[in-house]
$ cat final10.cif   # mmCIF, C-alpha atoms
data_coords
#
loop_
_atom_site.label_atom_id
_atom_site.label_comp_id
_atom_site.auth_asym_id
_atom_site.auth_seq_id
_atom_site.Cartn_x
_atom_site.Cartn_y
_atom_site.Cartn_z
CA MET H 1 95.70 192.64 8.66
CA GLU H 2 92.35 192.27 10.35
CA ASP H 3 94.04 191.99 13.74
CA VAL H 4 96.04 195.15 13.21
CA ALA H 5 92.90 197.11 12.42
CA GLN H 6 91.21 195.70 15.51
CA PHE H 7 94.18 196.69 17.65
CA ALA H 8 94.16 200.18 16.19
CA LEU H 9 90.46 200.47 17.00
CA MET H 10 91.09 199.27 20.55
CA GLY H 11 93.87 201.80 20.96
CA LYS H 12 91.58 204.54 19.68
CA TYR H 13 88.86 203.74 22.20
CA ILE H 14 91.30 203.32 25.10
CA GLY H 15 92.94 206.60 24.16
CA ALA H 16 89.58 208.36 24.05
CA GLY H 17 88.74 206.99 27.47
CA LEU H 18 92.09 208.08 28.87
CA ALA H 19 91.69 211.54 27.39
CA THR H 20 88.53 212.11 29.40
CA ILE H 21 90.58 211.85 32.62
CA GLY H 22 91.74 215.38 31.86
CA LEU H 23 88.23 216.62 32.52
CA GLY H 24 88.74 215.68 36.16
CA GLY H 25 91.23 218.54 36.32
CA ALA H 26 88.59 220.90 35.01
CA GLY H 27 86.24 219.61 37.70
CA ILE H 28 88.82 220.30 40.41
CA GLY H 29 89.46 223.77 39.01
CA VAL H 30 85.81 224.73 38.78
CA GLY H 31 85.14 223.33 42.23
CA ASN H 32 88.03 225.35 43.63
CA ILE H 33 86.72 228.55 42.11
CA ALA H 34 83.17 227.93 43.32
CA ALA H 35 84.36 227.05 46.82
CA ASN H 36 86.52 230.13 47.12
CA PHE H 37 83.86 232.36 45.65
CA LEU H 38 81.35 231.06 48.16
CA ALA H 39 83.81 231.46 51.03
CA GLY H 40 84.52 235.02 49.99
CA ALA H 41 80.87 235.80 49.39
CA LEU H 42 79.90 234.56 52.86
CA ARG H 43 82.57 236.73 54.44
CA ASN H 44 81.47 239.82 52.57
CA PRO H 45 78.00 239.27 51.09
CA SER H 46 77.63 242.88 49.98
CA ALA H 47 80.61 242.59 47.62
CA ALA H 48 79.47 239.30 46.11
CA PRO H 49 76.98 240.43 43.41
CA ALA H 50 79.60 242.64 41.74
CA GLN H 51 81.95 239.68 41.43
CA THR H 52 79.50 237.18 39.91
CA ALA H 53 80.64 238.05 36.39
CA ASN H 54 84.27 237.48 37.35
CA PHE H 55 83.25 234.19 38.91
CA PHE H 56 81.69 232.95 35.70
CA VAL H 57 84.63 234.14 33.62
CA GLY H 58 87.00 232.29 35.94
CA VAL H 59 84.89 229.16 35.73
CA ALA H 60 84.88 229.41 31.94
CA PHE H 61 88.65 229.79 31.74
CA ALA H 62 89.27 226.91 34.13
CA GLU H 63 86.86 224.78 32.17
CA ALA H 64 88.49 225.66 28.82
CA LEU H 65 91.60 223.63 29.58
CA GLY H 66 89.55 220.58 30.50
CA ILE H 67 87.60 221.00 27.29
CA PHE H 68 90.76 220.40 25.29
CA SER H 69 91.00 216.87 26.64
CA PHE H 70 87.34 216.37 25.74
CA LEU H 71 88.24 217.61 22.28
CA ILE H 72 91.03 215.05 22.03
CA ALA H 73 88.54 212.33 22.99
CA LEU H 74 86.13 213.54 20.30
CA LEU H 75 88.93 213.67 17.71
CA LEU H 76 90.02 210.14 18.57
CA LEU H 77 86.48 208.79 18.40
CA PHE H 78 85.20 210.52 15.31
CA ALA H 79 88.10 212.00 13.36
CA ALA H 80 91.08 209.69 13.77
CA MET Z 1 74.42 193.75 24.03
CA ALA Z 2 73.86 190.67 21.93
CA GLU Z 3 71.24 189.05 24.17
CA GLU Z 4 67.52 189.47 23.60
CA GLY Z 5 66.08 192.72 24.89
CA GLY Z 6 69.43 193.60 26.36
CA LEU Z 7 70.76 197.03 27.11
CA GLN Z 8 70.28 199.12 24.00
CA ILE Z 9 71.73 202.57 24.36
CA HIS Z 10 72.44 204.81 21.43
CA PRO Z 11 73.01 208.14 23.13
CA MET Z 12 74.45 209.84 20.06
CA ASP Z 13 71.65 208.95 17.62
CA GLN Z 14 69.62 211.96 18.67
CA PHE Z 15 72.22 214.29 17.19
CA GLN Z 16 71.89 212.88 13.70
CA ILE Z 17 71.04 215.43 11.07
CA HIS Z 18 68.53 214.19 8.55
CA SER Z 19 66.80 215.81 5.66
CA LEU Z 20 63.22 216.89 6.35
CA PHE Z 21 61.83 215.82 2.99
CA GLY Z 22 64.13 212.92 2.23
CA GLY Z 23 66.93 212.84 -0.29
CA ASP Z 24 70.59 213.62 0.08
CA ILE Z 25 71.84 216.42 2.26
CA GLY Z 26 73.45 219.20 0.28
CA MET Z 27 74.39 222.74 1.09
CA PHE Z 28 70.81 224.07 1.06
CA THR Z 29 68.78 221.02 2.07
CA PRO Z 30 66.23 221.76 4.82
CA THR Z 31 67.20 219.50 7.72
CA ASN Z 32 66.06 219.19 11.32
CA GLN Z 33 68.88 221.60 12.15
CA THR Z 34 67.40 224.22 9.82
CA LEU Z 35 63.92 223.57 11.19
CA TRP Z 36 64.95 224.16 14.80
CA LEU Z 37 67.10 227.13 13.92
CA GLY Z 38 64.00 228.60 12.29
CA ILE Z 39 61.81 227.77 15.29
CA THR Z 40 64.37 229.43 17.57
CA VAL Z 41 64.39 232.61 15.50
CA LEU Z 42 60.59 232.63 15.30
CA ALA Z 43 60.24 232.16 19.06
CA ILE Z 44 62.64 235.02 19.79
CA SER Z 45 60.93 237.28 17.27
CA ALA Z 46 57.50 236.44 18.68
CA LEU Z 47 58.60 237.19 22.23
CA MET Z 48 60.34 240.43 21.36
CA LEU Z 49 57.56 241.66 19.07
CA ALA Z 50 54.93 240.88 21.69
CA ALA Z 51 57.06 242.56 24.32
CA SER Z 52 57.46 245.76 22.34
CA ALA Z 53 53.94 245.89 20.91
CA GLY Z 54 52.27 247.58 23.87
CA ARG Z 55 55.07 249.84 25.09
CA SER Z 56 53.03 250.85 28.09
CA MET Z 57 54.40 252.82 31.01
CA ILE Z 58 53.49 250.03 33.40
CA PRO Z 59 54.75 246.88 31.69
CA GLY Z 60 52.51 243.87 31.37
CA ARG Z 61 53.70 240.31 31.74
CA VAL Z 62 55.28 239.87 28.32
CA GLN Z 63 56.71 243.35 28.28
CA SER Z 64 58.50 242.85 31.58
CA ILE Z 65 60.09 239.67 30.25
CA GLY Z 66 61.39 241.61 27.26
CA GLU Z 67 62.64 244.40 29.51
CA LEU Z 68 64.29 241.85 31.77
CA PHE Z 69 66.27 240.43 28.84
CA TYR Z 70 67.15 243.88 27.57
CA GLY Z 71 68.23 245.24 30.93
CA PHE Z 72 70.20 242.15 31.86
CA ILE Z 73 72.26 242.12 28.68
CA HIS Z 74 72.64 245.88 28.57
CA ASP Z 75 74.04 245.97 32.10
CA MET Z 76 76.36 243.09 31.33
CA VAL Z 77 77.75 244.71 28.17
CA GLU Z 78 78.29 248.05 29.88
CA GLU Z 79 79.84 246.51 32.94
CA VAL Z 80 82.16 244.02 31.27
CA ALA Z 81 82.96 245.43 27.84
CA GLY Z 82 83.04 249.04 29.00
CA HIS Z 83 81.16 252.07 27.74
CA ASP Z 84 82.63 251.82 24.24
CA GLY Z 85 81.51 248.23 24.05
CA ALA Z 86 77.87 249.28 24.34
CA LYS Z 87 77.83 249.69 20.55
CA PHE Z 88 77.95 245.93 20.35
CA PHE Z 89 74.86 245.53 22.49
CA PRO Z 90 72.62 244.38 19.59
CA TYR Z 91 75.12 241.71 18.61
CA VAL Z 92 75.54 240.43 22.16
CA MET Z 93 71.77 240.51 22.71
CA ALA Z 94 71.24 238.47 19.54
CA LEU Z 95 73.87 235.95 20.64
CA PHE Z 96 72.40 235.56 24.10
CA THR Z 97 68.77 235.18 23.07
CA PHE Z 98 69.67 232.84 20.22
CA ILE Z 99 71.79 230.53 22.36
CA LEU Z 100 69.38 230.61 25.29
CA PHE Z 101 66.36 229.83 23.14
CA SER Z 102 68.01 227.05 21.17
CA ASN Z 103 69.33 225.49 24.39
CA LEU Z 104 65.92 225.65 26.06
CA LEU Z 105 63.90 224.59 23.01
CA GLY Z 106 66.28 221.66 22.63
CA LEU Z 107 65.17 220.44 26.04
CA LEU Z 108 61.61 219.87 24.83
CA PRO Z 109 60.98 216.17 24.26
CA MET Z 110 61.43 215.06 20.62
CA SER Z 111 63.09 218.32 19.73
CA PHE Z 112 66.55 219.05 18.47
CA SER Z 113 69.07 221.48 19.85
CA PRO Z 114 71.06 223.32 17.16
CA THR Z 115 73.67 224.34 19.74
CA SER Z 116 74.51 220.69 20.46
CA HIS Z 117 76.43 220.67 17.19
CA ILE Z 118 79.94 222.03 17.28
CA ALA Z 119 79.46 223.14 13.67
CA ALA Z 120 76.79 225.61 14.84
CA THR Z 121 78.60 226.83 17.94
CA ALA Z 122 81.92 227.08 16.06
CA THR Z 123 80.23 229.39 13.57
CA LEU Z 124 79.10 231.65 16.42
CA ALA Z 125 82.52 231.53 18.09
CA ILE Z 126 84.44 232.24 14.88
CA MET Z 127 82.13 235.21 14.21
CA VAL Z 128 82.98 236.56 17.67
CA PHE Z 129 86.68 235.92 17.11
CA LEU Z 130 86.68 237.71 13.74
CA THR Z 131 84.65 240.60 15.12
CA VAL Z 132 87.03 241.07 18.04
CA THR Z 133 90.16 240.80 15.88
CA LEU Z 134 88.94 243.10 13.10
CA VAL Z 135 87.45 245.68 15.45
CA GLY Z 136 90.59 245.60 17.58
CA ILE Z 137 92.88 246.20 14.60
CA TRP Z 138 90.53 248.85 13.23
CA ARG Z 139 90.27 250.72 16.51
CA LYS Z 140 93.82 250.41 17.79
CA GLY Z 141 95.95 249.55 14.75
CA LEU Z 142 99.22 247.93 15.76
CA GLY Z 143 98.47 248.94 19.34
CA PHE Z 144 96.13 245.94 19.43
CA LEU Z 145 99.24 243.77 19.55
CA ALA Z 146 100.21 245.39 22.86
CA MET Z 147 97.62 243.04 24.34
CA PHE Z 148 100.14 240.21 23.91
CA TRP Z 149 103.00 242.16 25.50
CA VAL Z 150 102.25 242.11 29.21
CA SER Z 151 103.91 245.33 30.33
CA SER Z 152 103.35 244.70 34.03
CA ALA Z 153 105.51 241.55 33.99
CA PRO Z 154 109.33 241.49 34.41
CA LEU Z 155 111.13 242.04 31.13
CA VAL Z 156 112.67 238.56 31.09
CA LEU Z 157 109.28 236.91 31.32
CA ARG Z 158 107.58 239.02 28.68
CA PRO Z 159 108.57 237.00 25.57
CA VAL Z 160 107.42 233.79 27.27
CA LEU Z 161 104.16 235.40 28.32
CA ALA Z 162 103.74 236.82 24.83
CA ALA Z 163 103.97 233.32 23.36
CA ILE Z 164 101.41 232.04 25.87
CA GLU Z 165 99.10 234.98 25.23
CA VAL Z 166 99.24 234.47 21.46
CA ILE Z 167 98.42 230.79 21.82
CA SER Z 168 95.58 231.48 24.22
CA TYR Z 169 94.24 234.14 21.86
CA PHE Z 170 94.02 231.78 18.92
CA VAL Z 171 92.65 228.96 21.03
CA ARG Z 172 89.71 231.15 22.10
CA PRO Z 173 87.25 230.23 19.32
CA LEU Z 174 87.97 226.56 19.97
CA SER Z 175 87.26 226.60 23.69
CA HIS Z 176 84.43 229.10 23.22
CA SER Z 177 82.58 226.82 20.82
CA ILE Z 178 83.31 223.44 22.39
CA ARG Z 179 82.29 224.64 25.84
CA LEU Z 180 78.76 225.37 24.64
CA GLY Z 181 78.43 222.49 22.18
CA GLY Z 182 80.03 219.95 24.51
CA ASN Z 183 77.92 220.89 27.51
CA ILE Z 184 74.64 220.70 25.62
CA MET Z 185 75.62 217.51 23.83
CA ALA Z 186 76.85 215.81 27.00
CA GLY Z 187 73.65 216.69 28.86
CA HIS Z 188 71.40 215.30 26.15
CA ALA Z 189 73.53 212.16 25.83
CA MET Z 190 73.44 211.63 29.59
CA ILE Z 191 69.64 211.82 29.68
CA LYS Z 192 69.53 209.30 26.83
CA VAL Z 193 71.88 206.91 28.68
CA PHE Z 194 69.64 206.96 31.74
CA ALA Z 195 66.61 206.45 29.51
CA GLY Z 196 68.35 203.36 28.15
CA PHE Z 197 68.74 202.00 31.71
CA ALA Z 198 65.04 202.62 32.38
CA GLY Z 199 64.09 200.28 29.54
CA VAL Z 200 65.63 197.17 31.06
CA MET Z 201 65.24 197.56 34.81
CA GLY Z 202 61.61 196.57 35.21
CA VAL Z 203 60.05 197.93 38.39
CA ALA Z 204 63.36 199.39 39.50
CA SER Z 205 63.25 201.70 36.50
CA VAL Z 206 61.70 204.35 38.73
CA LEU Z 207 65.29 205.03 39.83
CA PRO Z 208 66.64 206.02 36.40
CA ILE Z 209 63.41 207.92 35.69
CA ALA Z 210 63.86 209.91 38.90
CA ALA Z 211 67.46 210.48 37.87
CA ILE Z 212 66.29 211.75 34.48
CA ALA Z 213 63.96 214.22 36.20
CA ALA Z 214 66.82 215.46 38.37
CA ILE Z 215 69.24 215.71 35.42
CA TYR Z 216 66.57 217.55 33.46
CA GLY Z 217 66.49 220.21 36.17
CA LEU Z 218 70.26 220.40 36.04
CA GLU Z 219 70.13 220.71 32.26
CA LEU Z 220 67.73 223.67 32.51
CA LEU Z 221 70.35 225.35 34.69
CA VAL Z 222 73.16 224.38 32.32
CA ALA Z 223 71.23 225.74 29.32
CA VAL Z 224 70.89 229.16 30.96
CA VAL Z 225 74.40 229.23 32.45
CA GLN Z 226 76.06 228.24 29.18
CA ALA Z 227 74.20 230.96 27.29
CA TYR Z 228 75.33 233.41 29.99
CA VAL Z 229 78.93 232.19 29.88
CA PHE Z 230 79.07 232.42 26.10
CA THR Z 231 77.81 236.00 26.14
CA ILE Z 232 79.95 237.17 29.04
CA LEU Z 233 83.05 235.74 27.37
CA THR Z 234 82.06 237.60 24.22
CA CYS Z 235 81.95 240.77 26.32
CA VAL Z 236 85.35 239.99 27.86
CA TYR Z 237 86.85 239.50 24.40
CA LEU Z 238 85.18 242.69 23.14
CA ARG Z 239 86.80 244.57 26.01
CA ASP Z 240 90.20 243.60 24.56
CA ALA Z 241 89.17 245.15 21.27
CA VAL Z 242 87.44 248.35 22.36
CA GLY Z 243 88.36 249.05 25.97
CA GLU Z 244 91.62 250.07 27.54
CA ALA Z 245 94.09 247.28 28.30
CA HIS Z 246 93.20 245.39 31.45
CA HIS Z 247 96.57 243.73 32.04
#

$ encode --input "final10.cif" --output "C-alpha cells"
Amino acid sequence: MEDVAQFALMGKYIGAGLATIGLGGAGIGVGNIAANFLAGALRNPSAAPAQTANFFVGVAFAEALGIFSFLIALLLLFAA
Amino acid sequence: MAEEGGLQIHPMDQFQIHSLFGGDIGMFTPTNQTLWLGITVLAISALMLAASAGRSMIPGRVQSIGELFYGFIHDMVEEVAGHDGAKFFPYVMALFTFILFSNLLGLLPMSFSPTSHIAATATLAIMVFLTVTLVGIWRKGLGFLAMFWVSSAPLVLRPVLAAIEVISYFVRPLSHSIRLGGNIMAGHAMIKVFAGFAGVMGVASVLPIAAIAAIYGLELLVAVVQAYVFTILTCVYLRDAVGEAHH
C-alpha cells in the first residue's frame, strides 16, 4: 500500500514536470510576436507606437495557452 | 538535502498566509495578505491625494505623476475600449493602480505581494468577467451573443468557430487571473531559488547574488508590464460589451 502511494506521488511530480514543457510553446509564441513586431517597427517606426497595445494583447493571448499547462502543473502539485 | 548545511531552498514558503496576531485563520482574520492589501490602498490614496491637493496650473513633481497615471489610463481606455468604454475609466484606473502598486510593493524585501495569490487575482478577473458579461447583456440584449457568431467567416465554419469562441470566452477569467498571479509568483520564487544557491556557494556566491540583482530588474519590468497587460485586456473585453463588434 505504501509503495502504491509512493508511485502515485512520483507520477504526480513527473506529470507536473512534463506539464511545464507546454510553457515552451508560449515562449516560442511570445518570441515570434516580439520578433515580428520589432521587424515591422524597424521598417516603419512611425506606425509602431499605435500598435504597441495590439502587441501586448497578442502577447497576452499567446501566453494564455501556455498558462494552461502551468495551471495543470499547479493542479497536479497542489490539488490532485 | 539531508547533509549538513546542504542546499536548503523553500521557494514557496514566502507565499504562506499567516495570521498577524496569531490564532486560526477564519473569514475575517487579519493576515499578512490583508496587511499588504491595506498598505497598497493607503499608498495609492496617499499618492492620488497628494497629487490632487495642489491642483496648480504648472504641476509639481507629485502632481505630474498623478497626471501621468490619469492620462495614460484615460488614453488607453478611450483607444482600446472605444468612446463608450470611457465610462469605465474609474474602474480600469482602480484596477491598474491597485495591481501596479501591489506588484511593486511586493518587490520590497520582507514584504508580501497580494497579487502573487491566485485567489486575489481570480477575484479581480471574475469581477471583470461579470462586469463585461452583465454590461454586455444589459447594453445589447441577445445581440451580445452575436459576438460568438463570426459573421465574416464562411457559413460552414461558423458553428465550429462559435464553439471555440464560447470556450475562449469562458476561459478568459482563468487565463486573466493566472497570467498575473503566475508571473508574480514565479518571479518571487525564482529570486528565492537563487538566494538559496547563494547560501552554499561560499566565495562564488557573488554569481547568484549578481543574478538576483539582474532578475530583480527584470521583475520590476514584469510588475509594470503585467499590470499593463491586465488592464489592457480588461479594456479589450470591455470593448466586446460596449463597443461595436470588432470581428

$ atom_distance --input "final10.cif" --atom1 "atom CA of Z:Pro109" --atom2 "atom CA of Z:Met201"
21.8 Å

$ resolve_selection --input "final10.cif" --expression "the PyMOL selection byres ((chain Z and resi 67) around 12)" --output "VMD selection string"
chain Z and resid 47 to 52 55 to 66 68 to 75

$ closest_residue --input "final10.cif" --among "H:Ala60, H:Ala73, H:Ile14, H:Leu65" --to "Z:Ser168" --atoms "all atoms listed in the file"
H:Leu65

$ atom_distance --input "final10.cif" --atom1 "atom CA of H:Ala64" --atom2 "atom CA of H:Gly15"
20.1 Å

$ atom_distance --input "final10.cif" --atom1 "atom CA of Z:Gly243" --atom2 "atom CA of Z:Ala81"
6.8 Å

$ residues_around --input "final10.cif" --residues "Z:Ala122" --least-positions-apart "5" --cutoff "12 Å" --atoms "all atoms listed in the file" --output "PDB file with C-alpha atoms, in the frame of the given file"
ATOM      1  CA  PRO Z 114      71.060 223.320  17.160  1.00  0.00           C
ATOM      2  CA  THR Z 115      73.670 224.340  19.740  1.00  0.00           C
ATOM      3  CA  SER Z 116      74.510 220.690  20.460  1.00  0.00           C
ATOM      4  CA  HIS Z 117      76.430 220.670  17.190  1.00  0.00           C
ATOM      5  CA  MET Z 127      82.130 235.210  14.210  1.00  0.00           C
ATOM      6  CA  VAL Z 128      82.980 236.560  17.670  1.00  0.00           C
ATOM      7  CA  PHE Z 129      86.680 235.920  17.110  1.00  0.00           C
ATOM      8  CA  LEU Z 130      86.680 237.710  13.740  1.00  0.00           C
ATOM      9  CA  VAL Z 171      92.650 228.960  21.030  1.00  0.00           C
ATOM     10  CA  ARG Z 172      89.710 231.150  22.100  1.00  0.00           C
ATOM     11  CA  PRO Z 173      87.250 230.230  19.320  1.00  0.00           C
ATOM     12  CA  LEU Z 174      87.970 226.560  19.970  1.00  0.00           C
ATOM     13  CA  SER Z 175      87.260 226.600  23.690  1.00  0.00           C
ATOM     14  CA  HIS Z 176      84.430 229.100  23.220  1.00  0.00           C
ATOM     15  CA  SER Z 177      82.580 226.820  20.820  1.00  0.00           C
ATOM     16  CA  ILE Z 178      83.310 223.440  22.390  1.00  0.00           C
ATOM     17  CA  ARG Z 179      82.290 224.640  25.840  1.00  0.00           C
ATOM     18  CA  LEU Z 180      78.760 225.370  24.640  1.00  0.00           C
ATOM     19  CA  GLY Z 181      78.430 222.490  22.180  1.00  0.00           C
ATOM     20  CA  GLY Z 182      80.030 219.950  24.510  1.00  0.00           C
ATOM     21  CA  PHE Z 230      79.070 232.420  26.100  1.00  0.00           C
TER      22      PHE Z 230
END

$ residues_around --input "final10.cif" --residues "H:Ala62" --least-positions-apart "2" --cutoff "10 Å" --atoms "only C-alpha atoms" --output "list in words"
Gly25, Ala26, Gly27, Ile28, Gly29, Val30, Gly31, Asn32, Ile33, Phe56, Val57, Gly58, Val59, Ala60, Ala64, Leu65, Gly66 and Ile67 of chain H

$ closest_residue --input "final10.cif" --among "H:Leu9, H:Leu23, H:Leu76, H:Ala47" --to "chain Z" --atoms "all atoms listed in the file"
H:Leu23

$ resolve_selection --input "final10.cif" --expression "the PyMOL selection byres ((chain Z and resi 197) around 9)" --output "ChimeraX atom specification"
/Z:7-9,192-196,198-201,205,208-209

$ resolve_selection --input "final10.cif" --expression "the PyMOL selection byres ((chain Z and resi 162) around 12)" --output "PDB file with C-alpha atoms, keeping the file's coordinate frame"
ATOM      1  CA  LEU Z 145      99.240 243.770  19.550  1.00  0.00           C
ATOM      2  CA  ALA Z 146     100.210 245.390  22.860  1.00  0.00           C
ATOM      3  CA  MET Z 147      97.620 243.040  24.340  1.00  0.00           C
ATOM      4  CA  PHE Z 148     100.140 240.210  23.910  1.00  0.00           C
ATOM      5  CA  TRP Z 149     103.000 242.160  25.500  1.00  0.00           C
ATOM      6  CA  VAL Z 150     102.250 242.110  29.210  1.00  0.00           C
ATOM      7  CA  SER Z 151     103.910 245.330  30.330  1.00  0.00           C
ATOM      8  CA  ALA Z 153     105.510 241.550  33.990  1.00  0.00           C
ATOM      9  CA  LEU Z 155     111.130 242.040  31.130  1.00  0.00           C
ATOM     10  CA  VAL Z 156     112.670 238.560  31.090  1.00  0.00           C
ATOM     11  CA  LEU Z 157     109.280 236.910  31.320  1.00  0.00           C
ATOM     12  CA  ARG Z 158     107.580 239.020  28.680  1.00  0.00           C
ATOM     13  CA  PRO Z 159     108.570 237.000  25.570  1.00  0.00           C
ATOM     14  CA  VAL Z 160     107.420 233.790  27.270  1.00  0.00           C
ATOM     15  CA  LEU Z 161     104.160 235.400  28.320  1.00  0.00           C
ATOM     16  CA  ALA Z 163     103.970 233.320  23.360  1.00  0.00           C
ATOM     17  CA  ILE Z 164     101.410 232.040  25.870  1.00  0.00           C
ATOM     18  CA  GLU Z 165      99.100 234.980  25.230  1.00  0.00           C
ATOM     19  CA  VAL Z 166      99.240 234.470  21.460  1.00  0.00           C
ATOM     20  CA  ILE Z 167      98.420 230.790  21.820  1.00  0.00           C
ATOM     21  CA  SER Z 168      95.580 231.480  24.220  1.00  0.00           C
ATOM     22  CA  TYR Z 169      94.240 234.140  21.860  1.00  0.00           C
TER      23      TYR Z 169
END

$ closest_residue --input "final10.cif" --among "Z:Leu108, Z:Ile17, Z:Met12, Z:Val236" --to "H:Phe78" --atoms "only C-alpha atoms"
Z:Met12

$ build_atoms --input "final10.cif" --residues "stretch 20-40 of chain H" --atoms "N, CA and C atoms" --output "compact mmCIF listing (two decimals), in the frame of the given file"
# COMPACT_ATOMS: atom_id res chain seq x y z
N THR H 20 89.57 211.49 28.58
CA THR H 20 88.53 212.11 29.40
C THR H 20 88.98 212.31 30.84
N ILE H 21 90.09 211.64 31.25
CA ILE H 21 90.58 211.85 32.62
C ILE H 21 90.91 213.32 32.83
N GLY H 22 91.37 213.97 31.75
CA GLY H 22 91.74 215.38 31.86
C GLY H 22 90.61 216.25 32.35
N LEU H 23 89.37 215.82 32.08
CA LEU H 23 88.23 216.62 32.52
C LEU H 23 88.12 216.66 34.03
N GLY H 24 88.72 215.65 34.70
CA GLY H 24 88.74 215.68 36.16
C GLY H 24 89.44 216.94 36.66
N GLY H 25 90.53 217.31 35.94
CA GLY H 25 91.23 218.54 36.32
C GLY H 25 90.33 219.75 36.22
N ALA H 26 89.52 219.78 35.15
CA ALA H 26 88.59 220.90 35.01
C ALA H 26 87.60 220.90 36.17
N GLY H 27 87.17 219.70 36.57
CA GLY H 27 86.24 219.61 37.70
C GLY H 27 86.86 220.17 38.97
N ILE H 28 88.13 219.78 39.22
CA ILE H 28 88.82 220.30 40.41
C ILE H 28 88.91 221.82 40.34
N GLY H 29 89.29 222.32 39.16
CA GLY H 29 89.46 223.77 39.01
C GLY H 29 88.16 224.52 39.25
N VAL H 30 87.09 224.05 38.62
CA VAL H 30 85.81 224.73 38.78
C VAL H 30 85.33 224.65 40.22
N GLY H 31 85.54 223.48 40.83
CA GLY H 31 85.14 223.33 42.23
C GLY H 31 85.90 224.28 43.13
N ASN H 32 87.20 224.42 42.86
CA ASN H 32 88.03 225.35 43.63
C ASN H 32 87.50 226.77 43.53
N ILE H 33 87.19 227.18 42.31
CA ILE H 33 86.72 228.55 42.11
C ILE H 33 85.40 228.76 42.84
N ALA H 34 84.49 227.79 42.68
CA ALA H 34 83.17 227.93 43.32
C ALA H 34 83.32 227.97 44.83
N ALA H 35 84.18 227.10 45.37
CA ALA H 35 84.36 227.05 46.82
C ALA H 35 84.92 228.38 47.34
N ASN H 36 85.92 228.89 46.65
CA ASN H 36 86.52 230.13 47.12
C ASN H 36 85.60 231.31 46.94
N PHE H 37 84.83 231.27 45.84
CA PHE H 37 83.86 232.36 45.65
C PHE H 37 82.84 232.36 46.78
N LEU H 38 82.36 231.16 47.10
CA LEU H 38 81.35 231.06 48.16
C LEU H 38 81.94 231.50 49.49
N ALA H 39 83.18 231.07 49.77
CA ALA H 39 83.81 231.46 51.03
C ALA H 39 83.94 232.97 51.11
N GLY H 40 84.39 233.57 50.00
CA GLY H 40 84.52 235.02 49.99
C GLY H 40 83.19 235.71 50.10
